[in-house]
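A.B. asks: Please find one structure pasted underneath; my questions will follow.
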Amino acid sequence: MGQELCSISQIGSRRVIWLMGVMFAMILAFQCFELSFGYSLFSLFSVGKVIVNEEGSSRSSPVDDPISKTGLVAESPLADGINSTASNHSYDRANQPSSSGDLIEPVGNSTINMQGNNRSFDGKDDSLRNDSIGYNNHSSNNFAAPPAVPPTSSSLMIVGNTSSVATNASSPNSSLGSNAPDTSDKLKTSVEEKDEKNTSDKNEKTEPLHGDHGIGKNKTVSEKKKVPKDPSSGIYTLSDMDSLLFETRSSNRPIVPRWPSATDQEVLQAKLLIENAPVIDNDPILYSPLFRNVSVFKRSYELMEKTLKVYIYGEGERPIFHQGPLQGIYASEGWFMKILESNKRFVTKDPKKAHLFYLPFSSRQLEDTLYVRDSHSFTNLIQHLKNYLDLIAAKYPSWNRTEGADHFIAACHDWAPAETRKYMAKCIRALCNSDVKEGFVFGKDVSLPETSVRVARNPLKDVGGNPASKRPILAFFAGRMHGNLRSILVKYWEGKDPDMKISGPMPKVKGKGKKGGGKNYLWHMKNSKYCICAKGYEVNSPRVVESIMYECVPVIISDNFVPPLFGVLNWESFAVFVAEKEIPNLKKILMSIPEKRYREMQMRVKKVQPHFLWHSKPQKYDLFHMILHSIWYNRLYQITPNL
C-alpha cells in the first residue's frame, strides 16, 4: 500500500512540474510577441532597462521614465526651463583675431528628454507663417533659447512618432567661468591691414537658400541631425544653429544665486506668463512671418516693458566707460549706451530692484585708448576690464551673488569676444562679432546688429530705396579686400557678368565724398535686388543692416555667423544665406529664386526695417528695444531662484 501511494505521489509531482513547465513556456512565448523590449527574461526580471545609443552612451528606458512615456513636443523649452526652476579698430579689423575656434570645453554627455506643448521662441509658429518656397535646409522646428554652447557630444536626434526630442548636450554653464582659456593670442593678427573696416566689413554665415523652415507643431520627424562636434572644425548652418539654440534651452542648468532676491521670483513669474502667451492671429504692428513666434515675442516684450529694471554701474572713467561712438561701424554700442543711460522707464538707481546689471564700457573706445599700435597684444585691455570688475565686485554684492550671470555688455568691436571671454564668461554678451567659432554661447549671448551710422545727428539719413519693380541690378557688392573671402568673390565675379555688379572699393563721387562710394555706393544699394554681405576679417558686417535700411534683400556669405537678433527673428523669411564655398554658383542660386519669392522677401525687408533703426528718441519695437528685449529674454533662463 505504501509503495502504491508513493508511486501515485511521484506521478502527481511529475504532472505538476510538467504543467508548470508548459505554463512557463507559454508565458515566455507570449512576452516574446507582446512586450516592447522583446527579450522575455529581461522584461520579466529587469527593473531599469537600458538603451544604448549609437555612440555608446546610455539612458533609462521609456518604461521607467514617466516623462518619456508622454508625447514629447519639440517646441517647448519654456516648459523645461520652468520645471528646472521649480525644484574701427583704431588699427582696423586687420588687427582682428582670426577665427580659430578657441572654444570652451563642455563637461559630460547626457541624453535629455524634454516635455511640453507650449509656444516658445524655440518652436517656430507655423500657424502664423506663410512662407511657401521650399529653399529649406532646416531639420529643426526649434528656436530661441538661452545658454547654449555648440555640443561636443553626439548628434542631436529628433525622434519621430512622439514629436519628442532627445539630445546629447553638455551643460552650458560648465563651459563658462574664470577657468576659460585666455585667448589673447587670437587677436594678434597682422596690423598692416589697417583701418579697413571703415567702409563696411564683416558678415554673416551660412549655406544655400533657406525658405520654409520649421516643422509644424504636431508634425513628426524621423532623422538624425548631425552637428559638428568641435566648433573649430566645421561649418554651422542656420539649421544647426536652430538646433543648438533648442538643445541649450532644453538642457539648460541655470545658476542658483548665493542668496535669494525678490527680483528672481519676478523673472520666474514672467517666464511662466510667457510660456502661456495667448496666440496672436493678426497683430496690427508686428508682421508674424518675420518672427520665430510672434505670440511669444509680443508677450515677452510686454512683460519687459512692465517688469524690467536695469541698474547701471556709475564707476568707470571716460572715454572707455559711459561714452561710445555714435557714428561709423561701431555705432551700435554707442547708441545703445546713450539711450539706456538716459532712459527713465527701465533704469533704476536701486540695485536691489534690478533684474539686470549693465557694464557700460565701449569696446571700441577701449581699443582706441589702450591698444599699443603694432604690439599685437591686448593683454593690457583685458587687464583693464578685470580691474574694473574687481572694483565692482568689491563694492557691490550683486556681482558675487550670481557671478555675473545677470550682468550684460553691448560690444561691437571685433576683439570683444576674446576680451570678455575669460572674466565676463557668465555675463550676457551682446556681440557684433557673433561667431560660433569664437565662443558665442547660444541662448546666453545676443547677436548685436552692426550698424553703420553716417551722420550722428541723423541716424536715419538716406533710409529707404526703390520698389522691387525698379531695381535693375541683380546683385551688388563693393568694398575693400578685408580677409580672403572678398578677394575670392571679386576675383570670380568682377567684370564677368553684367548682372553681377561686384567690385573692390568704388570711387568717390565728386562733391559727395562718402566713404565706401558715397551716393554712388548708395545708389547701387537702392537699385539692386540682392545686396551681397560678404564677411571681412570677421564674420559680421555692417552691410547686413545697410541692406535692410536701403530695402535690398541681404545675401549673407559668412560661414558660422549668427545673424542679428537670431533668437527672435526668422531670418530665412527675408534674407538669403549662401555658403562660402558656393561663391561660383552665386548667380545660379539667385536666379533660381522665383520672382514671386523675391518680391515677398523684399516686402518683408521693408517690414523688418523698423526693427533695425536707431532713433534719438526711442520708439516701440525699434533697434534699442529689440536689443534690450533679446538680453531680457535670455536673462529669463540664466538664473533659477534660490528658494
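By order in the C-alpha cells, chains are A, B, ...; within a chain, residues start at 1; ligands start at 1, following the order shown.
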Taking only region 379-569 of chain A into account, list the residues labelled alpha helix (DSSP H) by DSSP (computed from the backbone), as a PyMOL selection string.
C.D. replies: chain A and resi 379-395+397-402+416-420+483-493+518-526+543-549
A.B. asks: Just C-alpha atoms for this one: save the residues we selected as a PDB file, in the first residue's frame.
C.D. replies:
```
ATOM      1  CA  THR A 379      46.647  91.841 -22.617  1.00  0.00           C
ATOM      2  CA  ASN A 380      46.504  95.328 -21.095  1.00  0.00           C
ATOM      3  CA  LEU A 381      42.952  95.761 -22.433  1.00  0.00           C
ATOM      4  CA  ILE A 382      41.815  92.565 -20.731  1.00  0.00           C
ATOM      5  CA  GLN A 383      43.584  93.575 -17.518  1.00  0.00           C
ATOM      6  CA  HIS A 384      41.834  96.956 -17.581  1.00  0.00           C
ATOM      7  CA  LEU A 385      38.458  95.227 -17.715  1.00  0.00           C
ATOM      8  CA  LYS A 386      39.485  92.843 -14.926  1.00  0.00           C
ATOM      9  CA  ASN A 387      40.462  95.762 -12.706  1.00  0.00           C
ATOM     10  CA  TYR A 388      37.064  97.302 -13.345  1.00  0.00           C
ATOM     11  CA  LEU A 389      35.277  94.069 -12.409  1.00  0.00           C
ATOM     12  CA  ASP A 390      37.375  93.752  -9.253  1.00  0.00           C
ATOM     13  CA  LEU A 391      36.204  97.226  -8.272  1.00  0.00           C
ATOM     14  CA  ILE A 392      32.557  96.337  -8.939  1.00  0.00           C
ATOM     15  CA  ALA A 393      32.803  93.029  -7.054  1.00  0.00           C
ATOM     16  CA  ALA A 394      34.399  94.710  -4.034  1.00  0.00           C
ATOM     17  CA  LYS A 395      31.803  97.483  -3.891  1.00  0.00           C
ATOM     18  CA  PRO A 397      27.208  92.322  -3.701  1.00  0.00           C
ATOM     19  CA  SER A 398      25.277  91.908  -6.980  1.00  0.00           C
ATOM     20  CA  TRP A 399      28.251  90.538  -8.949  1.00  0.00           C
ATOM     21  CA  ASN A 400      29.143  87.928  -6.339  1.00  0.00           C
ATOM     22  CA  ARG A 401      25.503  86.856  -5.885  1.00  0.00           C
ATOM     23  CA  THR A 402      25.329  85.409  -9.414  1.00  0.00           C
ATOM     24  CA  ALA A 416      35.220  91.978 -27.804  1.00  0.00           C
ATOM     25  CA  PRO A 417      34.589  88.188 -27.775  1.00  0.00           C
ATOM     26  CA  ALA A 418      38.167  87.408 -26.784  1.00  0.00           C
ATOM     27  CA  GLU A 419      38.472  90.379 -24.414  1.00  0.00           C
ATOM     28  CA  THR A 420      35.415  89.310 -22.423  1.00  0.00           C
ATOM     29  CA  GLY A 483      40.016  88.912 -45.424  1.00  0.00           C
ATOM     30  CA  ASN A 484      40.253  86.184 -48.045  1.00  0.00           C
ATOM     31  CA  LEU A 485      36.595  85.743 -48.904  1.00  0.00           C
ATOM     32  CA  ARG A 486      36.106  89.093 -50.571  1.00  0.00           C
ATOM     33  CA  SER A 487      39.145  88.566 -52.753  1.00  0.00           C
ATOM     34  CA  ILE A 488      37.662  85.274 -53.922  1.00  0.00           C
ATOM     35  CA  LEU A 489      34.289  86.911 -54.551  1.00  0.00           C
ATOM     36  CA  VAL A 490      35.749  89.791 -56.577  1.00  0.00           C
ATOM     37  CA  LYS A 491      38.201  87.609 -58.472  1.00  0.00           C
ATOM     38  CA  TYR A 492      35.431  85.264 -59.545  1.00  0.00           C
ATOM     39  CA  TRP A 493      32.761  87.822 -60.482  1.00  0.00           C
ATOM     40  CA  GLY A 518      29.105 107.877 -51.264  1.00  0.00           C
ATOM     41  CA  LYS A 519      25.972 108.347 -53.347  1.00  0.00           C
ATOM     42  CA  ASN A 520      27.384 106.010 -55.963  1.00  0.00           C
ATOM     43  CA  TYR A 521      27.528 103.231 -53.406  1.00  0.00           C
ATOM     44  CA  LEU A 522      24.118 104.140 -52.011  1.00  0.00           C
ATOM     45  CA  TRP A 523      22.605 104.321 -55.491  1.00  0.00           C
ATOM     46  CA  HIS A 524      23.680 100.746 -56.158  1.00  0.00           C
ATOM     47  CA  MET A 525      22.288  99.565 -52.809  1.00  0.00           C
ATOM     48  CA  LYS A 526      18.963 101.226 -53.556  1.00  0.00           C
ATOM     49  CA  ARG A 543      26.222  95.556 -44.882  1.00  0.00           C
ATOM     50  CA  VAL A 544      23.597  93.271 -43.343  1.00  0.00           C
ATOM     51  CA  VAL A 545      21.814  96.189 -41.665  1.00  0.00           C
ATOM     52  CA  GLU A 546      22.680  98.516 -44.568  1.00  0.00           C
ATOM     53  CA  SER A 547      20.820  96.216 -46.931  1.00  0.00           C
ATOM     54  CA  ILE A 548      17.757  96.370 -44.715  1.00  0.00           C
ATOM     55  CA  MET A 549      17.985 100.158 -44.436  1.00  0.00           C
TER      56      MET A 549
END
```
A.B. asks: Please compute the CA of Arg253 (chain A)-CA of Thr640 (chain A) distance, one decimal, in Å.
C.D. replies: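 Interatomic distance here is 8.6 Å.
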A.B. asks: Which of these residues is nearest to Ser300 (chain A), using only C-alpha atoms: A:His629, A:Arg318, A:Lys607, A:Lys508?
C.D. replies: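 Using only C-alpha atoms, Ser300 (chain A) sits closest to A:His629.
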A.B. asks: Residues within 9 Å of Phe346 (chain A), please, as a PyMOL selection string. Count only C-alpha atoms; anything in the same chain fewer than 2 positions from it doesn't count.
C.D. replies: chain A and resi 304-305+307-311+340+343-344+348
A.B. asks: Can I get the selected residues back with N, CA, C and O atoms, as a PDB file, in the first residue's frame?
C.D. replies:
```
ATOM      1  N   MET A 304       8.540  92.740 -20.511  1.00  0.00           N
ATOM      2  CA  MET A 304       9.764  93.535 -20.354  1.00  0.00           C
ATOM      3  C   MET A 304       9.403  94.980 -20.021  1.00  0.00           C
ATOM      4  O   MET A 304       9.972  95.578 -19.091  1.00  0.00           O
ATOM      5  N   GLU A 305       8.473  95.549 -20.784  1.00  0.00           N
ATOM      6  CA  GLU A 305       8.064  96.937 -20.539  1.00  0.00           C
ATOM      7  C   GLU A 305       7.485  97.099 -19.130  1.00  0.00           C
ATOM      8  O   GLU A 305       7.686  98.121 -18.476  1.00  0.00           O
ATOM      9  N   THR A 307       7.981  94.989 -16.412  1.00  0.00           N
ATOM     10  CA  THR A 307       8.747  94.436 -15.293  1.00  0.00           C
ATOM     11  C   THR A 307      10.189  94.909 -15.215  1.00  0.00           C
ATOM     12  O   THR A 307      10.688  95.220 -14.127  1.00  0.00           O
ATOM     13  N   LEU A 308      10.881  94.946 -16.332  1.00  0.00           N
ATOM     14  CA  LEU A 308      12.345  95.049 -16.335  1.00  0.00           C
ATOM     15  C   LEU A 308      12.879  96.330 -15.702  1.00  0.00           C
ATOM     16  O   LEU A 308      12.428  97.430 -16.023  1.00  0.00           O
ATOM     17  N   LYS A 309      13.862  96.145 -14.830  1.00  0.00           N
ATOM     18  CA  LYS A 309      14.632  97.249 -14.278  1.00  0.00           C
ATOM     19  C   LYS A 309      16.121  96.928 -14.425  1.00  0.00           C
ATOM     20  O   LYS A 309      16.561  95.814 -14.128  1.00  0.00           O
ATOM     21  N   VAL A 310      16.857  97.926 -14.880  1.00  0.00           N
ATOM     22  CA  VAL A 310      18.292  97.760 -15.135  1.00  0.00           C
ATOM     23  C   VAL A 310      19.070  98.719 -14.240  1.00  0.00           C
ATOM     24  O   VAL A 310      18.731  99.908 -14.142  1.00  0.00           O
ATOM     25  N   TYR A 311      20.077  98.193 -13.594  1.00  0.00           N
ATOM     26  CA  TYR A 311      20.981  99.048 -12.814  1.00  0.00           C
ATOM     27  C   TYR A 311      22.261  99.253 -13.618  1.00  0.00           C
ATOM     28  O   TYR A 311      22.864  98.302 -14.110  1.00  0.00           O
ATOM     29  N   LEU A 340      20.142 103.948 -23.236  1.00  0.00           N
ATOM     30  CA  LEU A 340      19.840 103.271 -21.981  1.00  0.00           C
ATOM     31  C   LEU A 340      20.175 104.154 -20.783  1.00  0.00           C
ATOM     32  O   LEU A 340      19.404 104.231 -19.817  1.00  0.00           O
ATOM     33  N   ASN A 343      17.499 106.570 -20.106  1.00  0.00           N
ATOM     34  CA  ASN A 343      16.154 106.019 -20.066  1.00  0.00           C
ATOM     35  C   ASN A 343      15.612 105.986 -18.641  1.00  0.00           C
ATOM     36  O   ASN A 343      16.279 105.517 -17.720  1.00  0.00           O
ATOM     37  N   LYS A 344      14.401 106.483 -18.450  1.00  0.00           N
ATOM     38  CA  LYS A 344      13.790 106.522 -17.123  1.00  0.00           C
ATOM     39  C   LYS A 344      12.851 105.343 -16.886  1.00  0.00           C
ATOM     40  O   LYS A 344      12.530 105.028 -15.739  1.00  0.00           O
ATOM     41  N   THR A 348      16.923 101.797 -12.984  1.00  0.00           N
ATOM     42  CA  THR A 348      16.682 102.018 -11.562  1.00  0.00           C
ATOM     43  C   THR A 348      17.987 102.410 -10.877  1.00  0.00           C
ATOM     44  O   THR A 348      19.070 101.979 -11.289  1.00  0.00           O
TER      45      THR A 348
END
```
